[in-house]
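Just upload_3.tsv here, TSV, C-alpha atoms and all ligand atoms:
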```
chain	number	residue	atom	x	y	z
D	77	MET	CA	75.25	-27.60	162.47
D	78	THR	CA	76.36	-25.22	159.71
D	79	ASP	CA	75.35	-21.56	159.72
D	80	VAL	CA	74.62	-20.48	156.15
D	81	PRO	CA	75.26	-16.83	155.18
D	82	SER	CA	72.37	-14.80	153.78
D	83	LEU	CA	71.99	-12.39	150.88
D	84	ALA	CA	69.70	-9.34	150.85
D	85	LEU	CA	66.66	-9.37	148.57
D	86	ASN	CA	65.46	-6.08	147.08
D	87	THR	CA	62.59	-6.19	149.63
D	88	GLY	CA	65.14	-5.83	152.44
D	89	ALA	CA	64.54	-9.43	153.59
D	90	GLN	CA	67.36	-11.97	153.72
D	91	ILE	CA	67.58	-15.27	151.85
D	92	PRO	CA	69.98	-18.04	152.92
D	93	GLN	CA	72.62	-18.36	150.20
D	94	LEU	CA	72.29	-22.15	150.19
D	95	GLY	CA	68.94	-23.93	150.26
D	96	PHE	CA	67.51	-27.39	149.72
D	97	GLY	CA	65.74	-28.25	146.44
D	98	VAL	CA	63.05	-30.92	146.31
D	99	PHE	CA	62.42	-31.38	142.56
D	100	GLN	CA	62.02	-35.12	141.88
D	101	VAL	CA	61.85	-36.00	145.57
D	102	PRO	CA	58.90	-38.43	145.67
D	103	PRO	CA	56.00	-36.98	147.72
D	104	PRO	CA	56.05	-39.80	150.34
D	105	GLU	CA	59.80	-39.24	150.93
D	106	THR	CA	59.71	-35.44	151.03
D	107	ALA	CA	59.00	-34.88	154.72
D	108	ALA	CA	61.90	-37.17	155.72
D	109	ALA	CA	64.37	-35.55	153.28
D	110	VAL	CA	63.40	-32.01	154.32
D	111	GLY	CA	63.55	-33.07	157.98
D	112	MET	CA	67.14	-34.27	157.47
D	113	ALA	CA	68.05	-31.03	155.70
D	114	LEU	CA	66.61	-28.92	158.54
D	115	GLU	CA	68.60	-30.99	161.05
D	116	GLN	CA	71.79	-30.30	159.09
D	117	GLY	CA	71.18	-26.55	159.18
D	118	TYR	CA	69.41	-25.82	155.88
D	119	ARG	CA	66.90	-23.03	156.49
D	120	SER	CA	65.61	-22.52	152.94
D	121	ILE	CA	63.49	-25.02	151.01
D	122	ASP	CA	62.67	-24.72	147.29
D	123	THR	CA	59.49	-26.49	146.17
D	124	ALA	CA	56.82	-25.90	143.48
D	125	ALA	CA	53.20	-26.82	142.87
D	126	ALA	CA	54.48	-28.90	139.94
D	127	TYR	CA	56.70	-31.03	142.22
D	128	ARG	CA	53.57	-32.30	144.04
D	129	ASN	CA	55.45	-32.37	147.33
D	130	GLU	CA	54.54	-29.06	149.02
D	131	ARG	CA	52.57	-31.01	151.64
D	132	GLY	CA	55.70	-32.93	152.70
D	133	VAL	CA	57.67	-29.67	152.95
D	134	GLY	CA	55.02	-28.15	155.22
D	135	GLU	CA	54.87	-31.29	157.37
D	136	ALA	CA	58.65	-31.33	157.87
D	137	VAL	CA	58.77	-27.65	158.82
D	138	ALA	CA	55.90	-28.10	161.31
D	139	ALA	CA	57.47	-31.24	162.83
D	140	SER	CA	60.91	-29.61	163.16
D	141	GLY	CA	59.81	-27.22	165.87
D	142	ILE	CA	61.83	-24.49	164.15
D	143	PRO	CA	59.90	-21.19	164.30
D	144	ARG	CA	58.28	-20.41	160.95
D	145	ASP	CA	60.11	-17.09	160.68
D	146	GLU	CA	63.47	-18.90	160.77
D	147	VAL	CA	62.71	-20.94	157.64
D	148	PHE	CA	62.59	-19.48	154.12
D	149	ILE	CA	60.00	-21.20	151.92
D	150	THR	CA	59.83	-20.79	148.13
D	151	THR	CA	57.14	-22.20	145.86
D	152	LYS	CA	56.06	-21.55	142.27
D	153	VAL	CA	53.02	-21.19	140.01
D	154	TRP	CA	52.99	-23.72	137.17
D	155	ASN	CA	52.58	-22.74	133.51
D	156	ASP	CA	49.00	-23.91	133.02
D	157	GLN	CA	47.88	-21.80	136.02
D	158	GLN	CA	49.27	-18.52	134.66
D	159	GLY	CA	46.74	-15.68	134.43
D	160	ARG	CA	45.12	-13.49	137.05
D	161	ASP	CA	42.44	-15.55	138.82
D	162	THR	CA	44.09	-18.90	138.08
D	163	THR	CA	47.33	-17.73	139.73
D	164	LEU	CA	45.47	-16.48	142.80
D	165	ALA	CA	43.72	-19.85	143.14
D	166	ALA	CA	46.99	-21.75	142.56
D	167	PHE	CA	48.73	-19.65	145.23
D	168	GLU	CA	45.98	-20.33	147.76
D	169	ARG	CA	46.15	-24.08	147.04
D	170	SER	CA	49.93	-23.99	147.59
D	171	LEU	CA	49.47	-22.26	150.95
D	172	GLU	CA	46.86	-24.83	151.92
D	173	ARG	CA	49.17	-27.75	151.02
D	174	LEU	CA	52.11	-26.14	152.84
D	175	GLY	CA	49.90	-25.48	155.87
D	176	MET	CA	51.22	-21.91	155.97
D	177	ASP	CA	49.70	-18.44	155.88
D	178	HIS	CA	52.50	-16.99	153.75
D	179	VAL	CA	55.53	-17.94	151.68
D	180	ASP	CA	58.85	-16.14	151.72
D	181	LEU	CA	59.19	-16.19	147.94
D	182	TYR	CA	56.65	-16.93	145.20
D	183	LEU	CA	57.95	-17.47	141.66
D	184	ILE	CA	56.54	-17.71	138.15
D	185	HIS	CA	58.01	-21.13	137.28
D	186	TRP	CA	58.62	-20.47	133.53
D	187	PRO	CA	57.92	-17.52	131.26
D	188	ALA	CA	56.11	-19.90	128.87
D	189	PRO	CA	56.26	-17.19	126.16
D	190	GLY	CA	53.92	-19.11	123.85
D	191	ARG	CA	51.14	-18.63	126.41
D	192	ASP	CA	51.92	-14.88	126.69
D	193	ARG	CA	50.45	-14.56	130.18
D	194	TYR	CA	53.48	-13.82	132.32
D	195	VAL	CA	52.83	-10.05	132.55
D	196	GLU	CA	49.27	-10.63	133.76
D	197	THR	CA	50.57	-13.32	136.15
D	198	TRP	CA	53.23	-10.96	137.50
D	199	LYS	CA	50.58	-8.32	138.24
D	200	MET	CA	48.79	-10.92	140.40
D	201	LEU	CA	52.07	-11.68	142.19
D	202	GLU	CA	52.42	-7.95	142.87
D	203	GLU	CA	49.03	-8.06	144.64
D	204	LEU	CA	50.06	-11.11	146.67
D	205	HIS	CA	53.22	-9.25	147.65
D	206	ALA	CA	51.25	-6.14	148.62
D	207	ASP	CA	48.90	-8.14	150.86
D	208	GLY	CA	51.88	-9.79	152.60
D	209	ARG	CA	51.12	-13.40	151.72
D	210	ALA	CA	54.12	-13.53	149.37
D	211	ARG	CA	56.85	-11.76	151.34
D	212	ALA	CA	58.92	-11.54	148.16
D	213	ILE	CA	58.14	-12.31	144.51
D	214	GLY	CA	60.36	-13.42	141.70
D	215	VAL	CA	60.61	-15.41	138.50
D	216	SER	CA	62.29	-18.53	137.20
D	217	ASN	CA	63.76	-19.33	133.82
D	218	PHE	CA	63.26	-15.77	132.57
D	219	GLN	CA	65.56	-14.61	129.78
D	220	ILE	CA	66.61	-10.96	129.40
D	221	PRO	CA	63.72	-9.99	127.03
D	222	HIS	CA	61.18	-11.53	129.46
D	223	LEU	CA	62.69	-9.55	132.36
D	224	GLU	CA	62.75	-6.38	130.26
D	225	ARG	CA	59.02	-6.72	129.63
D	226	LEU	CA	58.31	-6.96	133.37
D	227	LEU	CA	60.54	-3.96	134.06
D	228	ASP	CA	58.75	-1.95	131.34
D	229	GLU	CA	55.14	-2.96	132.01
D	230	CYS	CA	54.99	-3.63	135.77
D	231	ASP	CA	55.85	-1.92	139.07
D	232	VAL	CA	57.77	-4.40	141.22
D	233	VAL	CA	61.25	-5.53	140.17
D	234	PRO	CA	61.61	-9.32	140.64
D	235	ALA	CA	63.62	-10.07	143.79
D	236	LEU	CA	65.28	-13.06	142.17
D	237	ASN	CA	65.47	-15.11	138.97
D	238	GLN	CA	65.93	-18.85	139.50
D	239	ILE	CA	67.73	-20.20	136.43
D	240	GLU	CA	69.60	-23.26	135.27
D	241	LEU	CA	73.22	-22.48	136.14
D	242	SER	CA	76.17	-24.83	136.55
D	243	PRO	CA	79.83	-24.95	135.49
D	244	GLN	CA	78.68	-26.08	132.04
D	245	LEU	CA	76.08	-23.26	131.74
D	246	GLN	CA	77.46	-20.23	133.55
D	247	GLN	CA	74.91	-17.62	132.40
D	248	ALA	CA	77.39	-14.71	132.49
D	249	GLU	CA	75.17	-12.34	130.49
D	250	LEU	CA	72.04	-12.99	132.53
D	251	ARG	CA	74.01	-12.65	135.78
D	252	ARG	CA	75.30	-9.26	134.61
D	253	PHE	CA	71.77	-8.13	133.79
D	254	HIS	CA	70.55	-9.27	137.22
D	255	ALA	CA	73.36	-7.37	138.97
D	256	GLU	CA	72.49	-4.19	137.06
D	257	HIS	CA	68.86	-4.41	138.21
D	258	GLY	CA	69.26	-5.62	141.80
D	259	ILE	CA	67.87	-9.08	141.00
D	260	LEU	CA	69.51	-12.02	142.80
D	261	THR	CA	70.61	-15.01	140.73
D	262	GLU	CA	69.51	-18.40	142.06
D	263	ALA	CA	71.05	-21.50	140.46
D	264	TRP	CA	68.92	-24.57	139.77
D	265	SER	CA	70.50	-27.91	138.88
D	266	PRO	CA	73.67	-26.38	140.36
D	267	LEU	CA	75.48	-29.73	140.00
D	268	ALA	CA	74.01	-30.22	136.48
D	269	GLN	CA	72.26	-33.19	138.15
D	270	GLY	CA	75.69	-34.79	138.69
D	271	ALA	CA	76.90	-34.40	135.07
D	272	VAL	CA	79.84	-32.14	135.98
D	273	LEU	CA	81.12	-34.14	138.94
D	274	ASP	CA	83.54	-36.28	136.88
D	275	ASP	CA	85.16	-33.27	135.23
D	276	PRO	CA	88.99	-33.43	135.59
D	277	VAL	CA	89.36	-29.72	136.49
D	278	ILE	CA	86.80	-30.08	139.26
D	279	ALA	CA	88.43	-33.34	140.43
D	280	ASP	CA	91.78	-31.55	140.55
D	281	LEU	CA	90.43	-28.67	142.65
D	282	ALA	CA	88.65	-31.15	144.93
D	283	ALA	CA	91.92	-33.02	145.52
D	284	ALA	CA	93.79	-29.74	146.15
D	285	HIS	CA	91.31	-28.74	148.90
D	286	GLY	CA	90.60	-32.20	150.32
D	287	ARG	CA	86.94	-31.70	149.34
D	288	THR	CA	84.46	-33.54	147.10
D	289	PRO	CA	83.68	-32.41	143.53
D	290	ALA	CA	80.15	-31.41	144.62
D	291	GLN	CA	81.57	-29.22	147.39
D	292	VAL	CA	83.91	-27.49	144.92
D	293	VAL	CA	81.01	-26.78	142.54
D	294	LEU	CA	78.76	-25.45	145.30
D	295	ARG	CA	81.60	-23.33	146.68
D	296	TRP	CA	82.14	-21.89	143.18
D	297	HIS	CA	78.44	-20.89	143.07
D	298	VAL	CA	78.65	-19.16	146.44
D	299	GLN	CA	81.77	-17.24	145.42
D	300	LEU	CA	80.03	-16.08	142.22
D	301	GLY	CA	77.33	-14.61	144.47
D	302	ASN	CA	74.60	-17.06	143.50
D	303	VAL	CA	71.91	-18.43	145.73
D	304	VAL	CA	72.19	-22.19	145.27
D	305	ILE	CA	69.68	-25.00	145.94
D	306	PRO	CA	71.18	-28.49	145.49
D	307	LYS	CA	68.89	-31.50	145.85
D	308	SER	CA	69.72	-34.83	147.43
D	309	VAL	CA	67.80	-37.59	149.16
D	310	THR	CA	71.06	-39.17	150.39
D	311	PRO	CA	71.83	-38.30	154.04
D	312	SER	CA	75.62	-38.11	153.56
D	313	ARG	CA	75.23	-35.81	150.53
D	314	ILE	CA	72.71	-33.56	152.31
D	315	ALA	CA	75.40	-33.06	154.96
D	316	GLU	CA	78.25	-32.75	152.44
D	317	ASN	CA	76.45	-30.12	150.35
D	318	ILE	CA	76.02	-27.68	153.22
D	319	ASP	CA	79.60	-28.09	154.45
D	320	ILE	CA	81.11	-25.60	152.00
D	321	PHE	CA	81.80	-22.56	154.14
D	322	GLY	CA	85.19	-23.62	155.52
D	323	PHE	CA	87.35	-23.27	152.40
D	324	GLU	CA	87.82	-20.85	149.52
D	325	LEU	CA	88.72	-21.12	145.84
D	326	SER	CA	91.47	-18.73	144.74
D	327	ASP	CA	91.07	-16.29	141.82
D	328	ASP	CA	93.12	-18.69	139.66
D	329	GLU	CA	90.86	-21.58	140.62
D	330	MET	CA	87.75	-19.52	139.85
D	331	ALA	CA	89.31	-18.73	136.45
D	332	ARG	CA	89.86	-22.45	135.81
D	333	MET	CA	86.18	-23.09	136.60
D	334	GLU	CA	85.23	-20.42	134.06
D	335	THR	CA	86.82	-22.53	131.29
D	336	LEU	CA	84.21	-25.28	131.81
D	337	GLU	CA	81.43	-23.28	130.10
D	338	SER	CA	79.99	-25.30	127.22
D	339	GLY	CA	76.48	-23.89	126.90
D	340	THR	CA	75.02	-27.28	127.82
D	341	ARG	CA	71.54	-27.34	129.34
D	342	THR	CA	70.13	-30.29	131.30
D	343	GLY	CA	66.60	-28.83	131.20
D	344	PRO	CA	64.29	-27.20	128.63
D	345	ASP	CA	65.08	-24.02	126.71
D	346	PRO	CA	63.02	-21.21	128.32
D	347	ASP	CA	62.53	-19.47	124.96
D	348	VAL	CA	60.44	-22.33	123.62
D	349	PHE	CA	59.18	-24.29	126.65
D	350	ASN	CA	55.51	-23.66	127.35
D	351	GLY	CA	54.88	-26.69	129.57
M	401	LIG	N1	62.91	-23.59	138.41
M	401	LIG	C1	63.10	-24.66	137.70
M	401	LIG	O1	62.64	-24.77	136.54
M	401	LIG	C2	63.90	-25.79	138.27
M	401	LIG	C3	64.29	-26.87	137.46
M	401	LIG	C4	65.06	-27.88	138.04
M	401	LIG	C5	65.41	-27.80	139.37
M	401	LIG	N2	64.99	-26.76	140.15
M	401	LIG	C6	65.33	-26.65	141.60
M	401	LIG	O2	66.73	-26.83	141.77
M	401	LIG	C7	66.96	-27.92	142.66
M	401	LIG	C8	68.25	-28.63	142.32
M	401	LIG	O3	68.27	-29.05	140.98
M	401	LIG	P1	68.26	-30.58	140.53
M	401	LIG	O4	67.60	-31.40	141.58
M	401	LIG	O5	67.68	-30.64	139.15
M	401	LIG	O6	69.79	-30.93	140.35
M	401	LIG	P2	71.14	-30.89	141.21
M	401	LIG	O7	70.91	-30.37	142.57
M	401	LIG	O8	72.15	-30.26	140.33
M	401	LIG	O9	71.52	-32.44	141.28
M	401	LIG	C9	70.76	-33.38	141.98
M	401	LIG	C10	71.35	-34.75	141.63
M	401	LIG	O10	72.72	-34.81	142.07
M	401	LIG	C11	72.86	-35.82	143.03
M	401	LIG	N3	73.71	-35.25	144.11
M	401	LIG	C12	73.39	-34.33	145.01
M	401	LIG	N4	74.41	-34.05	145.84
M	401	LIG	C13	75.43	-34.83	145.43
M	401	LIG	C14	76.75	-35.02	145.90
M	401	LIG	N5	77.22	-34.35	146.95
M	401	LIG	N6	77.55	-35.91	145.24
M	401	LIG	C15	77.08	-36.61	144.17
M	401	LIG	N7	75.84	-36.48	143.68
M	401	LIG	C16	75.01	-35.60	144.32
M	401	LIG	C17	71.47	-36.16	143.55
M	401	LIG	O11	71.39	-37.52	143.91
M	401	LIG	P3	70.57	-38.11	145.18
M	401	LIG	O12	69.36	-37.27	145.40
M	401	LIG	O13	70.27	-39.51	144.76
M	401	LIG	O14	71.53	-38.04	146.34
M	401	LIG	C18	70.63	-35.88	142.32
M	401	LIG	O15	70.67	-36.98	141.43
M	401	LIG	C19	65.70	-28.77	142.47
M	401	LIG	O16	65.53	-29.73	143.49
M	401	LIG	C20	64.63	-27.72	142.42
M	401	LIG	O17	64.34	-27.25	143.73
M	401	LIG	C21	64.25	-25.75	139.61
```
Would you give me this structure, written as structure tokens?
Ligand SMILES: NC(=O)c1ccc[n+]([C@@H]2O[C@H](COP(=O)([O-])OP(=O)(O)OC[C@H]3O[C@@H](n4cnc5c(N)ncnc54)[C@H](OP(=O)(O)O)[C@@H]3O)[C@@H](O)[C@H]2O)c1
Amino acid sequence: MTDVPSLALNTGAQIPQLGFGVFQVPPPETAAAVGMALEQGYRSIDTAAAYRNERGVGEAVAASGIPRDEVFITTKVWNDQQGRDTTLAAFERSLERLGMDHVDLYLIHWPAPGRDRYVETWKMLEELHADGRARAIGVSNFQIPHLERLLDECDVVPALNQIELSPQLQQAELRRFHAEHGILTEAWSPLAQGAVLDDPVIADLAAAHGRTPAQVVLRWHVQLGNVVIPKSVTPSRIAENIDIFGFELSDDEMARMETLESGTRTGPDPDVFNG
């Protein structure tokens, strides 16, 4: 079983640098997939109310016998629940579905700027953090102006921003901003949902290290300092994706990866997506 290194959040708590994402895992298959991930050594699970599979996550954690404080659970408030009381109610429904009395990280899923409620929503997250039910709070898909508004108008600095980030969308500017403010960068769709796995540069590096393209991409994320949350329902890939701590890309190889930036998103543009 692989031991995954952790990174420090600005709360002082630790987050495993590699976790297991469950977006698009069908609810009836979620407990089995998360159970496999826990067996392989994953200790961080990323779900969301919008994925409709929080119940399966909670069932797998309970069935694993792993103490709750050894598993890091993230979930998120969906766009149409933003606002003060609606977020509180959404959070309590998430806890109920997870069968837990707290989460390790609660995120605003999208800024949804057209709704203009993320500041009010963040203030509710600050209360959930203060009462201990959200051990850490953060955001997802926030761009620099959205983060600046939270820094200007609120008290708690987000612990983490979960953003689309892959070799084809490297987010250098946002990562620099995060580093300046003590915000961790967490990469979603870290494999660009498979779109980068046929790239010749990545294939070349995979051959050089006797690794798979997915392992090279995930290793690149870890060496950038990202938290990374690949998803798979395939047992061999769940095992492959966590087995990335026994090799290292050189500075030259990291520089070759940097050339793959193309600004290509697989998901919506956070500046216009209101869900
Ligand atoms: N905050 C947000 O707005 C947001 C948005 C999207 C995603 N996320 C989070 O990020 C997680 C990961 O993103 P994602 O699921 O979109 O994409 P991803 O992890 O980049 O890619 C998942 C896809 O790649 C395949 N795959 C996984 N490992 C592989 C391997 N070793 N070799 C070849 N193919 C492999 C999977 O197939 P199989 O499953 O069939 O094996 C699946 O089709 C999500 O599950 C979710 O937790 C967050």
- Item | Selection: 12 Å around stretch 203-205 of chain D, all atoms listed in the file, excl. self and same-chain fewer than 3 positions, as a PyMOL selection string | chain D and resi 87+160-161+163-168+171+177-183+196-200+208-214+230-235
- Taking all atoms listed in the file into account, which of D:Thr335, D:Asn317, D:Thr340, D:Gln291 comes nearest D:Leu245?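 The shortest atom-to-atom distance to D:Leu245 comes from D:Thr340.
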Enumerate, in order of chain and increasing residue number, the residues of chain D with an atom no farther than 6 Å from ligand LIG 401 (chain M), each with its shortest atom pair and distance in Å to one decimal, counting only C-alpha atoms and all ligand atoms, as a Markdown table.
```
| residue | atom | partner | partner_atom | distance |
| --- | --- | --- | --- | --- |
| D:Gly97 | CA | M:LIG401 | O17 | 3.2 |
| D:Val98 | CA | M:LIG401 | O16 | 3.9 |
| D:Phe99 | CA | M:LIG401 | O16 | 3.6 |
| D:Asp122 | CA | M:LIG401 | O17 | 4.7 |
| D:Thr123 | CA | M:LIG401 | O17 | 5.5 |
| D:His185 | CA | M:LIG401 | N1 | 5.6 |
| D:Ser216 | CA | M:LIG401 | N1 | 5.2 |
| D:Gln238 | CA | M:LIG401 | N1 | 5.7 |
| D:Trp264 | CA | M:LIG401 | O2 | 3.7 |
| D:Ser265 | CA | M:LIG401 | O8 | 3.2 |
| D:Pro266 | CA | M:LIG401 | O8 | 4.2 |
| D:Leu267 | CA | M:LIG401 | O8 | 3.4 |
| D:Ala268 | CA | M:LIG401 | O8 | 4.3 |
| D:Gln269 | CA | M:LIG401 | O9 | 3.3 |
| D:Gly270 | CA | M:LIG401 | O10 | 4.5 |
| D:Ala290 | CA | M:LIG401 | N5 | 4.8 |
| D:Ile305 | CA | M:LIG401 | C7 | 5.2 |
| D:Pro306 | CA | M:LIG401 | O7 | 3.5 |
| D:Lys307 | CA | M:LIG401 | O7 | 4.0 |
| D:Ser308 | CA | M:LIG401 | O12 | 3.2 |
| D:Val309 | CA | M:LIG401 | O12 | 4.1 |
| D:Thr310 | CA | M:LIG401 | O14 | 4.2 |
| D:Arg313 | CA | M:LIG401 | N5 | 4.3 |
| D:Glu316 | CA | M:LIG401 | N5 | 5.8 |
| D:Asn317 | CA | M:LIG401 | N5 | 5.5 |
```
Just write the chosen residues, C-alpha atoms, as a PDB file, in the coordinates of the input.
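Listing of again.pdb after writing:
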```
ATOM      1  CA  GLY D  97      65.740 -28.250 146.440  1.00  0.00           C
ATOM      2  CA  VAL D  98      63.050 -30.920 146.310  1.00  0.00           C
ATOM      3  CA  PHE D  99      62.420 -31.380 142.560  1.00  0.00           C
ATOM      4  CA  ASP D 122      62.670 -24.720 147.290  1.00  0.00           C
ATOM      5  CA  THR D 123      59.490 -26.490 146.170  1.00  0.00           C
ATOM      6  CA  HIS D 185      58.010 -21.130 137.280  1.00  0.00           C
ATOM      7  CA  SER D 216      62.290 -18.530 137.200  1.00  0.00           C
ATOM      8  CA  GLN D 238      65.930 -18.850 139.500  1.00  0.00           C
ATOM      9  CA  TRP D 264      68.920 -24.570 139.770  1.00  0.00           C
ATOM     10  CA  SER D 265      70.500 -27.910 138.880  1.00  0.00           C
ATOM     11  CA  PRO D 266      73.670 -26.380 140.360  1.00  0.00           C
ATOM     12  CA  LEU D 267      75.480 -29.730 140.000  1.00  0.00           C
ATOM     13  CA  ALA D 268      74.010 -30.220 136.480  1.00  0.00           C
ATOM     14  CA  GLN D 269      72.260 -33.190 138.150  1.00  0.00           C
ATOM     15  CA  GLY D 270      75.690 -34.790 138.690  1.00  0.00           C
ATOM     16  CA  ALA D 290      80.150 -31.410 144.620  1.00  0.00           C
ATOM     17  CA  ILE D 305      69.680 -25.000 145.940  1.00  0.00           C
ATOM     18  CA  PRO D 306      71.180 -28.490 145.490  1.00  0.00           C
ATOM     19  CA  LYS D 307      68.890 -31.500 145.850  1.00  0.00           C
ATOM     20  CA  SER D 308      69.720 -34.830 147.430  1.00  0.00           C
ATOM     21  CA  VAL D 309      67.800 -37.590 149.160  1.00  0.00           C
ATOM     22  CA  THR D 310      71.060 -39.170 150.390  1.00  0.00           C
ATOM     23  CA  ARG D 313      75.230 -35.810 150.530  1.00  0.00           C
ATOM     24  CA  GLU D 316      78.250 -32.750 152.440  1.00  0.00           C
ATOM     25  CA  ASN D 317      76.450 -30.120 150.350  1.00  0.00           C
TER      26      ASN D 317
END
```
- Item | Distance criterion (all atoms listed in the file): nearest to D:Met77 out of D:Gln100, D:Gly351, D:His297, D:Asp319 |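 Closest to D:Met77, using all atoms listed in the file: D:Asp319.
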- Could you tell me which of D:Leu114, D:Ala126, D:Val293, D:Leu94 comes closest to D:Ile142 if we count only C-alpha atoms? D:Leu114
With the cut-off set at 9 Å and counting only C-alpha atoms, tabulate each residue of stretch 104-167 of chain D with an atom at most that distance from an atom of stretch 79-83 of chain D, showing the nearest atom pair and its distance in Å to one decimal, ordered by chain and increasing number, as a tab-separated table.
```
residue	atom	partner	partner_atom	distance
D:Gly117	CA	D:Asp79	CA	6.5
D:Tyr118	CA	D:Val80	CA	7.5
D:Arg119	CA	D:Val80	CA	8.1
```
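Residue nearest D:Gly95, chosen from D:Ala206, D:Val304, D:Gly134, D:Glu262 and counting all atoms listed in the file: D:Val304.
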- Task: Tell me which of D:Asn86, D:Leu223, D:Ala331, D:Tyr127 sits closest to D:Pro102, counting all atoms listed in the file.
- Result: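 Using all atoms listed in the file, the shortest distance to D:Pro102 belongs to D:Tyr127.
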- What is the distance, in Å and to one decimal place, between atom CA of D:Gln244 and atom CA of D:Gly339? 6.0 Å
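By chain and then residue number, the residues within 7 Å of D:Trp154 are Ala125, Ala126, Lys152, Asp156, Gln157, Gln158 and His185 of chain D, counting all atoms listed in the file and disregarding those fewer than 2 positions away in sequence.
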- Atom pair atom CA of D:Arg191 / atom CA of D:Gly159: separation (Å):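 Distance between the two atoms: 9.6 Å.
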